[in-house]
$ cat query-v6.cif   # mmCIF, C-alpha atoms
data_target
loop_
_atom_site.label_atom_id
_atom_site.label_comp_id
_atom_site.auth_asym_id
_atom_site.auth_seq_id
_atom_site.Cartn_x
_atom_site.Cartn_y
_atom_site.Cartn_z
CA MET A 111 83.33 156.80 17.58
CA ILE A 112 86.82 155.93 16.31
CA ARG A 113 87.52 156.49 12.65
CA ASN A 114 89.58 153.92 10.78
CA SER A 115 91.97 156.23 8.97
CA SER A 116 93.73 158.23 11.67
CA PRO A 117 97.32 157.39 12.71
CA ILE A 118 96.02 156.61 16.18
CA ASP A 119 93.64 154.00 14.78
CA ARG A 120 96.43 152.51 12.71
CA LEU A 121 98.57 152.29 15.82
CA ILE A 122 95.73 150.62 17.73
CA ASP A 123 95.22 148.13 14.87
CA LEU A 124 98.92 147.27 14.84
CA MET A 125 99.18 146.99 18.61
CA ALA A 126 96.16 144.69 18.65
CA ARG A 127 98.14 142.20 16.55
CA LEU A 128 100.78 141.79 19.25
CA PRO A 129 100.70 138.63 21.35
CA GLY A 130 98.64 139.08 24.49
CA LEU A 131 96.83 142.16 23.20
CA GLY A 132 93.39 142.53 21.69
CA PRO A 133 91.61 145.63 20.35
CA ARG A 134 90.48 146.73 23.79
CA SER A 135 93.83 146.34 25.52
CA ALA A 136 95.56 147.90 22.49
CA ARG A 137 93.34 150.98 22.86
CA ARG A 138 94.28 151.22 26.53
CA ALA A 139 97.97 150.84 25.75
CA VAL A 140 97.86 153.50 23.02
CA LEU A 141 95.98 155.88 25.27
CA HIS A 142 98.62 155.33 27.95
CA LEU A 143 101.41 155.96 25.46
CA ILE A 144 99.82 159.20 24.29
CA ARG A 145 99.44 160.41 27.86
CA LYS A 146 103.12 159.60 28.55
CA ARG A 147 104.29 160.97 25.22
CA ALA A 148 107.63 162.35 26.36
CA HIS A 149 108.57 159.53 28.74
CA LEU A 150 107.25 156.55 26.82
CA LEU A 151 105.84 157.13 23.35
CA THR A 152 108.76 159.04 21.81
CA PRO A 153 111.52 156.82 23.27
CA LEU A 154 109.51 153.73 22.30
CA ALA A 155 109.09 154.96 18.73
CA GLU A 156 112.81 155.73 18.52
CA ALA A 157 113.78 152.36 19.95
CA MET A 158 111.44 150.55 17.55
CA THR A 159 112.82 152.45 14.58
CA GLU A 160 116.35 151.61 15.61
CA VAL A 161 115.54 147.91 16.13
CA ALA A 162 113.71 147.80 12.79
CA GLN A 163 116.83 149.11 11.09
CA THR A 164 119.44 147.05 12.92
CA ALA A 165 117.89 143.74 14.12
CA ARG A 166 119.09 140.70 12.21
CA GLU A 167 119.65 137.01 12.63
CA CYS A 168 123.16 135.91 13.60
CA LEU A 169 124.61 134.13 10.57
CA ASN A 170 126.37 131.67 12.84
CA CYS A 171 123.91 130.63 15.54
CA GLY A 172 120.52 132.08 14.55
CA ASN A 173 120.26 134.36 17.60
CA VAL A 174 118.71 137.78 17.06
CA GLY A 175 121.05 140.73 17.49
CA THR A 176 122.13 143.91 15.83
CA SER A 177 125.14 142.59 13.94
CA ASP A 178 125.75 139.76 11.46
CA ILE A 179 127.54 137.75 14.16
CA CYS A 180 126.03 138.07 17.63
CA PRO A 181 128.07 138.99 20.76
CA ILE A 182 127.84 135.40 22.08
CA CYS A 183 129.47 134.00 18.94
CA THR A 184 132.23 136.65 18.91
CA ASP A 185 133.04 136.18 22.62
CA GLU A 186 136.25 134.12 22.66
CA ALA A 187 135.68 133.15 26.29
CA ARG A 188 132.65 131.18 25.15
CA ALA A 189 134.65 129.11 22.68
CA ASN A 190 135.07 126.37 25.29
CA GLY A 191 133.87 123.47 23.14
CA LEU A 192 130.33 123.47 24.55
CA LEU A 193 127.44 124.00 22.16
CA CYS A 194 123.86 124.23 23.41
CA VAL A 195 121.16 123.50 20.81
CA VAL A 196 117.78 125.19 21.38
CA GLU A 197 114.56 125.36 19.40
CA GLU A 198 113.88 129.09 19.34
CA VAL A 199 115.57 132.39 20.15
CA ALA A 200 113.26 132.70 23.18
CA ASP A 201 114.82 129.49 24.54
CA LEU A 202 118.32 130.92 24.07
CA TRP A 203 117.30 134.03 25.97
CA ALA A 204 115.80 131.86 28.74
CA MET A 205 119.10 129.95 29.04
CA GLU A 206 121.03 133.21 29.14
CA ARG A 207 118.79 134.53 31.93
CA SER A 208 119.94 131.64 34.10
CA GLY A 209 123.54 132.83 33.68
CA THR A 210 124.77 129.26 34.15
CA PHE A 211 125.77 128.25 30.67
CA LYS A 212 129.02 129.77 29.40
CA GLY A 213 129.33 128.12 26.00
CA ARG A 214 127.81 128.94 22.62
CA TYR A 215 124.35 128.28 21.22
CA HIS A 216 122.71 127.05 18.07
CA VAL A 217 119.09 127.98 17.35
CA LEU A 218 117.27 125.41 15.18
CA GLY A 219 114.26 127.58 14.40
CA GLY A 220 111.68 124.92 15.30
CA THR A 221 111.34 121.16 15.54
CA LEU A 222 110.91 118.32 13.10
CA SER A 223 107.25 117.55 12.54
CA ALA A 224 105.91 114.81 10.31
CA LEU A 225 102.37 116.20 10.49
CA ASP A 226 103.42 119.71 9.47
CA ASN A 227 105.97 118.49 6.91
CA VAL A 228 108.93 120.11 8.68
CA GLY A 229 112.10 118.25 7.72
CA PRO A 230 115.79 118.71 8.65
CA GLU A 231 116.36 121.05 5.70
CA ASP A 232 113.65 123.38 7.01
CA LEU A 233 115.58 123.81 10.25
CA ARG A 234 119.16 124.94 10.87
CA ILE A 235 120.40 121.35 11.23
CA PRO A 236 122.80 121.36 8.24
CA GLN A 237 124.40 124.55 9.66
CA LEU A 238 124.73 122.81 13.04
CA LEU A 239 126.59 119.89 11.49
CA ARG A 240 128.95 122.30 9.72
CA ARG A 241 129.63 124.20 12.96
CA ILE A 242 130.57 121.08 14.89
CA GLY A 243 133.72 120.59 12.82
CA ALA A 244 134.54 124.24 12.28
CA GLU A 245 134.42 125.28 15.95
CA ASN A 246 136.09 122.28 17.60
CA VAL A 247 132.98 121.39 19.57
CA THR A 248 133.55 118.71 22.19
CA GLU A 249 130.06 118.46 23.74
CA VAL A 250 126.63 119.21 22.33
CA ILE A 251 123.85 119.86 24.86
CA LEU A 252 120.44 119.24 23.32
CA ALA A 253 118.27 121.69 25.28
CA LEU A 254 115.10 120.96 23.35
CA ASN A 255 111.60 121.01 24.80
CA ALA A 256 110.39 117.86 26.58
CA THR A 257 107.69 117.36 23.96
CA ILE A 258 107.23 114.59 21.41
CA ASP A 259 108.43 116.86 18.59
CA GLY A 260 111.30 118.26 20.67
CA GLN A 261 112.64 114.85 21.61
CA THR A 262 112.11 113.44 18.09
CA THR A 263 114.33 116.27 16.87
CA ALA A 264 116.87 115.58 19.64
CA HIS A 265 117.09 111.90 18.65
CA TYR A 266 117.49 112.85 14.98
CA ILE A 267 120.37 115.22 15.79
CA ALA A 268 121.93 112.60 18.06
CA ASP A 269 121.82 110.12 15.14
CA GLN A 270 123.67 112.61 12.96
CA LEU A 271 126.31 113.45 15.57
CA GLU A 272 127.02 110.04 17.10
CA PRO A 273 129.32 108.89 14.27
CA GLN A 274 131.49 111.97 14.89
CA GLY A 275 132.24 110.78 18.42
CA ILE A 276 131.14 114.01 20.10
CA ALA A 277 129.78 113.90 23.66
CA LEU A 278 126.01 114.39 23.61
CA SER A 279 123.80 115.33 26.54
CA SER A 280 120.27 116.56 27.13
CA LEU A 281 118.62 118.56 29.87
CA ALA A 282 117.30 116.63 32.89
CA GLN A 283 113.56 116.18 33.28
CA GLY A 284 111.72 116.19 36.59
CA VAL A 285 110.27 118.24 39.41
CA PRO A 286 110.61 122.01 38.86
CA ILE A 287 112.00 124.21 41.65
CA GLY A 288 109.06 125.10 43.89
CA GLY A 289 106.92 122.41 42.29
CA GLU A 290 104.46 120.33 44.31
CA LEU A 291 104.13 116.65 43.45
CA ASP A 292 100.36 116.78 43.74
CA TYR A 293 100.18 119.20 40.80
CA LEU A 294 102.60 117.38 38.50
CA ASP A 295 101.45 115.27 35.57
CA ASP A 296 102.21 111.55 35.74
CA GLY A 297 104.76 111.80 32.92
CA THR A 298 106.88 114.31 34.82
CA ILE A 299 106.71 112.22 37.99
CA THR A 300 107.81 109.14 36.02
CA ALA A 301 110.71 111.08 34.47
CA ALA A 302 111.71 112.45 37.87
CA LEU A 303 111.67 109.00 39.44
CA ASN A 304 113.73 107.55 36.61
CA ALA A 305 116.29 110.35 36.99
CA ARG A 306 116.40 110.23 40.82
CA LYS A 307 119.76 110.81 42.45
CA ARG A 308 121.33 109.57 45.64
CA LEU A 309 121.43 112.08 48.53
CA MET B 73 74.89 118.74 20.42
CA ASP B 74 77.18 117.20 22.98
CA TRP B 75 78.84 113.91 23.92
CA ARG B 76 81.39 112.53 26.31
CA ASP B 77 84.00 109.93 25.43
CA THR B 78 87.56 108.88 26.01
CA GLY B 79 90.15 109.44 23.29
CA ILE B 80 93.75 109.24 22.10
CA LEU B 81 95.25 112.60 21.20
CA LEU B 82 96.65 112.47 17.65
CA SER B 83 97.80 116.05 17.17
CA THR B 84 97.29 119.63 18.27
CA LYS B 85 97.34 122.83 16.29
CA LYS B 86 97.49 126.32 17.75
CA HIS B 87 94.29 128.31 17.41
CA GLY B 88 94.70 131.94 18.36
CA GLU B 89 96.88 132.74 21.32
CA THR B 90 95.53 130.46 23.99
CA SER B 91 93.47 127.77 22.28
CA LEU B 92 94.31 124.54 20.50
CA ILE B 93 92.52 122.46 17.91
CA LEU B 94 92.68 118.89 19.17
CA ASP B 95 92.55 115.97 16.76
CA VAL B 96 91.56 112.92 18.78
CA PHE B 97 90.63 109.32 18.06
CA THR B 98 87.68 108.15 20.11
CA PRO B 99 85.93 104.75 20.19
CA GLY B 100 82.43 106.11 19.74
CA HIS B 101 82.97 109.08 17.44
CA GLY B 102 86.07 108.14 15.49
CA ARG B 103 88.62 110.77 14.63
CA HIS B 104 87.14 114.03 15.80
CA ALA B 105 88.48 117.58 15.98
CA GLY B 106 87.44 120.36 18.33
CA VAL B 107 88.71 123.55 19.93
CA LEU B 108 90.14 123.41 23.41
CA ARG B 109 90.11 126.85 25.00
CA GLY B 110 93.07 127.53 27.25
CA GLY B 111 94.89 124.53 25.79
CA THR B 112 98.24 126.34 25.70
CA SER B 113 98.14 127.05 29.45
CA ARG B 114 100.98 125.81 31.62
CA LYS B 115 98.54 123.58 33.46
CA LEU B 116 97.17 121.79 30.39
CA ALA B 117 99.97 121.94 27.82
CA PRO B 118 102.18 119.21 29.37
CA HIS B 119 99.28 116.76 29.18
CA LEU B 120 98.50 117.48 25.55
CA GLN B 121 101.24 115.49 23.88
CA PRO B 122 100.36 113.11 21.03
CA GLY B 123 99.35 109.70 22.37
CA ALA B 124 97.87 111.08 25.59
CA GLN B 125 94.68 109.46 26.83
CA LEU B 126 92.03 112.11 27.49
CA ASP B 127 88.56 112.21 28.96
CA LEU B 128 86.69 114.44 26.52
CA ALA B 129 83.43 116.33 26.50
CA TRP B 130 82.47 117.87 23.14
CA ARG B 131 79.83 120.49 22.61
CA ALA B 132 78.63 122.42 19.56
CA ARG B 133 75.47 124.27 18.54
CA LEU B 134 75.15 122.23 15.34
CA GLU B 135 76.54 118.79 14.62
CA ASP B 136 78.67 119.90 11.66
CA HIS B 137 80.36 122.66 13.66
CA ILE B 138 83.89 122.02 14.85
CA GLY B 139 82.67 122.51 18.43
CA SER B 140 84.69 122.86 21.59
CA TYR B 141 86.22 120.33 23.93
CA THR B 142 86.80 120.19 27.60
CA ALA B 143 89.56 117.70 28.23
CA GLU B 144 90.82 116.00 31.34
CA PRO B 145 94.03 114.00 31.14
CA GLN B 146 93.68 110.31 32.02
CA ARG B 147 97.22 109.17 31.36
CA SER B 148 100.26 110.41 29.54
CA ARG B 149 102.23 108.14 27.25
CA ALA B 150 104.95 110.67 26.46
CA ALA B 151 107.06 109.74 29.49
CA ALA B 152 107.28 106.12 28.33
CA ALA B 153 108.35 107.22 24.87
CA LEU B 154 110.56 110.29 25.25
CA GLY B 155 113.68 108.47 26.40
CA ASP B 156 113.53 105.55 23.98
CA ARG B 157 114.21 106.16 20.30
CA VAL B 158 112.20 103.19 19.00
CA ALA B 159 109.25 103.91 21.30
CA LEU B 160 109.21 107.58 20.31
CA ALA B 161 109.40 106.71 16.60
CA GLY B 162 106.61 104.16 17.19
CA LEU B 163 104.37 106.69 18.93
CA ASN B 164 104.95 109.15 16.08
CA ALA B 165 104.19 106.49 13.46
CA VAL B 166 100.94 105.36 15.12
CA THR B 167 99.54 108.86 15.64
CA ALA B 168 100.65 110.05 12.19
CA LEU B 169 99.17 107.00 10.41
CA LEU B 170 95.87 107.31 12.29
CA ALA B 171 95.67 111.03 11.42
CA PHE B 172 96.55 110.19 7.81
CA CYS B 173 94.17 107.27 7.28
CA LEU B 174 91.07 107.85 9.33
CA PRO B 175 88.17 109.82 7.94
CA GLU B 176 86.68 112.31 10.37
CA ARG B 177 83.73 111.37 12.56
CA GLU B 178 83.53 107.73 11.47
CA PRO B 179 83.74 105.30 14.39
CA HIS B 180 86.25 102.45 14.20
CA PRO B 181 85.87 100.90 17.67
CA ALA B 182 87.90 97.75 16.92
CA LEU B 183 90.85 99.74 15.58
CA TYR B 184 90.54 102.10 18.53
CA GLN B 185 90.86 99.23 20.99
CA ARG B 186 93.92 97.89 19.19
CA SER B 187 95.48 101.36 19.09
CA GLU B 188 94.95 101.87 22.81
CA VAL B 189 96.49 98.49 23.65
CA LEU B 190 99.42 99.16 21.30
CA LEU B 191 100.18 102.55 22.83
CA ASP B 192 100.01 101.09 26.33
CA LEU B 193 102.79 98.67 25.31
CA LEU B 194 105.22 101.47 24.43
CA ASP B 195 107.34 100.76 27.49
CA ARG B 196 107.75 97.10 26.46
CA PRO B 197 110.40 97.22 23.72
CA ASP B 198 110.42 93.41 23.53
CA LEU B 199 106.73 93.16 22.65
CA TRP B 200 106.11 96.42 20.89
CA PRO B 201 107.37 95.78 17.31
CA LEU B 202 105.25 92.65 16.92
CA ALA B 203 102.22 94.44 18.35
CA TYR B 204 102.85 97.27 15.90
CA LEU B 205 102.96 94.86 12.95
CA GLN B 206 99.64 93.34 14.01
CA TRP B 207 98.21 96.83 14.40
CA GLU B 208 99.27 97.73 10.82
CA LEU B 209 97.49 94.61 9.56
CA ALA B 210 94.39 95.70 11.49
CA LEU B 211 94.67 99.22 10.10
CA LEU B 212 94.84 97.90 6.53
CA ASP B 213 91.88 95.65 7.24
CA GLU B 214 89.83 98.49 8.71
CA MET B 215 90.59 100.72 5.74
CA GLY B 216 89.42 98.05 3.29
CA PHE B 217 92.82 96.73 2.17
CA GLY B 218 93.13 93.77 4.51
CA LEU B 219 95.41 90.86 3.60
CA ASP B 220 93.81 87.45 3.29
CA LEU B 221 96.50 85.03 4.39
CA THR B 222 94.30 82.10 5.34
CA SER B 223 94.69 80.07 2.12
CA CYS B 224 96.29 80.11 -1.32
CA ALA B 225 94.43 82.28 -3.82
CA VAL B 226 95.21 79.77 -6.62
CA THR B 227 94.94 76.31 -5.07
CA GLY B 228 93.12 76.94 -1.79
CA ALA B 229 95.94 75.18 0.10
CA THR B 230 96.61 76.28 3.66
CA GLU B 231 100.14 74.87 3.84
CA GLY B 232 103.27 76.16 2.14
CA LEU B 233 102.08 79.74 1.87
CA ALA B 234 105.11 81.80 0.85
CA PHE B 235 103.97 84.85 -1.12
CA VAL B 236 101.36 87.59 -1.15
CA SER B 237 99.77 88.83 -4.34
CA PRO B 238 100.42 92.59 -4.68
CA LYS B 239 97.12 92.95 -6.53
CA THR B 240 94.73 91.09 -4.29
CA GLY B 241 96.55 90.89 -0.96
CA ARG B 242 95.90 87.12 -0.88
CA ALA B 243 98.42 84.45 0.04
CA VAL B 244 99.98 82.19 -2.59
CA THR B 245 101.94 78.96 -2.10
CA SER B 246 105.41 78.62 -3.61
CA ILE B 247 104.17 75.81 -5.89
CA ALA B 248 101.29 77.91 -7.21
CA ALA B 249 103.54 80.92 -7.65
CA GLY B 250 105.82 79.08 -10.09
CA ASP B 251 107.43 81.48 -12.56
CA TRP B 252 105.46 84.38 -11.09
CA ALA B 253 107.30 84.23 -7.79
CA ASP B 254 109.53 87.20 -8.60
CA ARG B 255 106.44 89.36 -9.15
CA LEU B 256 104.92 88.48 -5.79
CA LEU B 257 105.65 89.89 -2.36
CA PRO B 258 107.34 87.71 0.26
CA LEU B 259 105.14 86.32 3.02
CA PRO B 260 107.32 86.17 6.15
CA PRO B 261 106.14 83.45 8.58
CA ILE B 262 105.59 86.11 11.25
CA LEU B 263 102.58 87.35 9.24
CA LEU B 264 101.07 83.88 9.67
CA GLY B 265 101.77 83.93 13.40
CA GLN B 266 104.70 81.54 13.02
CA GLY B 267 108.37 81.75 13.95
CA GLU B 268 110.33 84.01 16.25
CA ALA B 269 109.38 87.66 16.49
CA GLU B 270 112.90 88.85 15.69
CA ASP B 271 113.32 92.43 14.54
CA THR B 272 114.59 91.24 11.13
CA GLU B 273 111.46 89.08 10.63
CA ILE B 274 109.24 91.97 11.65
CA LEU B 275 111.05 94.30 9.27
CA ASP B 276 110.45 91.87 6.40
CA ALA B 277 106.76 91.75 7.30
CA LEU B 278 106.59 95.54 7.55
CA ALA B 279 108.01 95.76 4.04
CA THR B 280 105.02 93.74 2.83
CA THR B 281 102.42 95.74 4.78
CA GLY B 282 104.26 98.90 3.70
CA PHE B 283 103.72 97.96 0.06
CA PHE B 284 99.96 97.89 0.53
CA MET B 285 100.00 101.11 2.54
CA GLU B 286 102.04 102.92 -0.06
CA ASN B 287 100.51 101.50 -3.23
CA ARG B 288 96.92 100.81 -2.24
CA LEU B 289 95.93 102.77 0.86
CA ALA B 290 97.72 106.10 0.26
CA PRO B 291 96.61 106.55 -3.38
CA ASP B 292 93.05 105.78 -2.32
CA LEU B 293 93.07 108.50 0.34
CA ARG B 294 94.57 111.72 -0.96
CA ASP B 295 97.30 110.39 -3.21
CA LYS B 296 99.82 111.77 -0.74
CA PRO B 297 102.92 109.94 0.40
CA LEU B 298 102.71 107.99 3.65
CA PRO B 299 103.72 109.99 6.72
CA ALA B 300 107.50 110.16 7.09
CA ALA B 301 107.03 108.96 10.68
CA ARG B 302 106.50 105.40 9.43
CA SER B 303 109.75 105.28 7.46
CA ALA B 304 111.50 106.84 10.49
CA LEU B 305 110.23 103.92 12.60
CA ILE B 306 111.47 101.41 10.02
CA THR B 307 114.90 103.10 10.08
CA ARG B 308 114.97 102.87 13.90
CA LEU B 309 113.99 99.20 13.89
CA ARG B 310 116.61 98.50 11.25
CA ALA B 311 119.27 100.20 13.37
CA ARG B 312 118.16 98.17 16.40
CA ALA B 313 118.23 94.92 14.41
CA ALA B 314 121.75 95.74 13.24
CA GLY B 315 122.73 96.08 16.89
#

$ encode --input "query-v6.cif" --output "structure tokens"
Amino acid sequence: MIRNSSPIDRLIDLMARLPGLGPRSARRAVLHLIRKRAHLLTPLAEAMTEVAQTARECLNCGNVGTSDICPICTDEARANGLLCVVEEVADLWAMERSGTFKGRYHVLGGTLSALDNVGPEDLRIPQLLRRIGAENVTEVILALNATIDGQTTAHYIADQLEPQGIALSSLAQGVPIGGELDYLDDGTITAALNARKRL
Amino acid sequence: MDWRDTGILLSTKKHGETSLILDVFTPGHGRHAGVLRGGTSRKLAPHLQPGAQLDLAWRARLEDHIGSYTAEPQRSRAAAALGDRVALAGLNAVTALLAFCLPEREPHPALYQRSEVLLDLLDRPDLWPLAYLQWELALLDEMGFGLDLTSCAVTGATEGLAFVSPKTGRAVTSIAAGDWADRLLPLPPILLGQGEAEDTEILDALATTGFFMENRLAPDLRDKPLPAARSALITRLRARAAG
């Protein structure tokens, strides 16, 4: 029987709050960590302590890093006039994994939502508008999710930026690489057909 | 307890890591919430955008429980709306107003039918604004604040109707209005089914229906402001009318 007060129980309780883990899988993970104390548990604890002390939000773009201004924002090679707007840090990291985009990012921190009372001031939209002028941005890529809230936010930002005469673009929508038509929803097929290109 | 019905998805809310709470509008059971297990999965999530038409089966041990849904997508309306600013604002306004106005588990089959037809017109930007105006009139009517525009509240005349009483929602002729005209709301001909369905005419009519939504319907519900999605739609229509 597990007691509730031991450090191990506290660790299990905390691990169980992580996404994808429940009490049972947290117990298994903790047991695994204890067995691999030298190779896993100690380095993990050290890494977590370090991240807890140093992780912060980039004051410029909203990315998460270990300094006030993240490496992407300080990289002069990325000051090429392209600014990619994403909803969350996870989306920025996904874009970076592709290795294709060489400009800078702006993380909104969510989407506008009438039902949840999320307005422009609750997101990093005012900061985005300030950056456009300050960083000589020539094109804004709205890489927001293809959801109702994502596109509502994209249209709102487009409304704000259009008077400034900046080029605006959004990500294409359609068939994913390796996707089979039979498994696609009708909305995606419609979008793909509308955005078809000549071979 | 269980039932099966079709429904329009109004909103979703995350419930735990993998489940969603669906808020749907059905013809037979009204606005009805329920848990959809696995709703955040890659297979289901793209179909669960507001406005989607779903085939729903609801099950609960007791009737007053929230219960759980199994949902099969019938058709998506997001694709028709995502690329068009007015259509997207319209979809947001319709789903937000339905979620705002409708009491839970109270059937409104006539309003449901109108809502379904309206949402199916999203890809017709020429027809949609007029259909939306008629839908707002139906929504007010269904909620007990319907406008009576058949005859003058003072004289009973059916010709020359030019105003709407902000108190009763009844039409008034310009002769009967007299000195009170500046205290009455304008009655654009489009509300009487007359004239061209220009965006400017529709905007005038929406200002009148908006008055009753804001000053009669909203205070009667939770005394909360109308969903911002409606004013966003008005802004879009105004921008379109301005060219």

$ interface_residues --input "query-v6.cif" --of "chain B" --to "chain A" --cutoff "8 Å" --atoms "all atoms listed in the file" --output "list in words"
Glu89, Pro118, His119, Gln121, Pro122, Arg147, Ser148, Arg149, Ala150, Ala151, Ala152, Leu154, Arg157, Leu160, Ala161, Asn164, Ala168, Pro299, Ala300 and Ala301 of chain B

$ write_last_selection --input "query-v6.cif" --atoms "C-alpha atoms" --output "CSV table (one decimal), in the coordinates of the input"
chain,number,residue,atom,x,y,z
B,89,GLU,CA,96.9,132.7,21.3
B,118,PRO,CA,102.2,119.2,29.4
B,119,HIS,CA,99.3,116.8,29.2
B,121,GLN,CA,101.2,115.5,23.9
B,122,PRO,CA,100.4,113.1,21.0
B,147,ARG,CA,97.2,109.2,31.4
B,148,SER,CA,100.3,110.4,29.5
B,149,ARG,CA,102.2,108.1,27.2
B,150,ALA,CA,105.0,110.7,26.5
B,151,ALA,CA,107.1,109.7,29.5
B,152,ALA,CA,107.3,106.1,28.3
B,154,LEU,CA,110.6,110.3,25.2
B,157,ARG,CA,114.2,106.2,20.3
B,160,LEU,CA,109.2,107.6,20.3
B,161,ALA,CA,109.4,106.7,16.6
B,164,ASN,CA,105.0,109.2,16.1
B,168,ALA,CA,100.6,110.0,12.2
B,299,PRO,CA,103.7,110.0,6.7
B,300,ALA,CA,107.5,110.2,7.1
B,301,ALA,CA,107.0,109.0,10.7

$ resolve_selection --input "query-v6.cif" --expression "the PyMOL selection byres ((chain A and resi 169) around 12)" --output "list in words"
Arg166, Glu167, Cys168, Asn170, Cys171, Gly172, Asn173, Val174, Gly175, Thr176, Ser177, Asp178, Ile179, Cys180, Pro181, Cys183, Thr184, His216, Val217, Arg234, Gln237, Leu238 and Arg241 of chain A

$ atom_distance --input "query-v6.cif" --atom1 "CA of Leu259 in chain B" --atom2 "CA of Thr281 in chain B"
10.0 Å

$ residues_around --input "query-v6.cif" --residues "range 236-246 of chain B" --least-positions-apart "2" --cutoff "12 Å" --atoms "all atoms listed in the file" --output "PyMOL selection string"
chain B and resi 209+212-213+216-234+248-261+263-264+277+279-288

$ residues_around --input "query-v6.cif" --residues "Arg310 in chain B" --least-positions-apart "6" --cutoff "10 Å" --atoms "all atoms listed in the file" --output "PDB file with C-alpha atoms, in the frame of the given file"
ATOM      1  CA  ASP B 271     113.320  92.430  14.540  1.00  0.00           C
ATOM      2  CA  THR B 272     114.590  91.240  11.130  1.00  0.00           C
ATOM      3  CA  ILE B 274     109.240  91.970  11.650  1.00  0.00           C
ATOM      4  CA  LEU B 275     111.050  94.300   9.270  1.00  0.00           C
ATOM      5  CA  ALA B 304     111.500 106.840  10.490  1.00  0.00           C
TER       6      ALA B 304
END
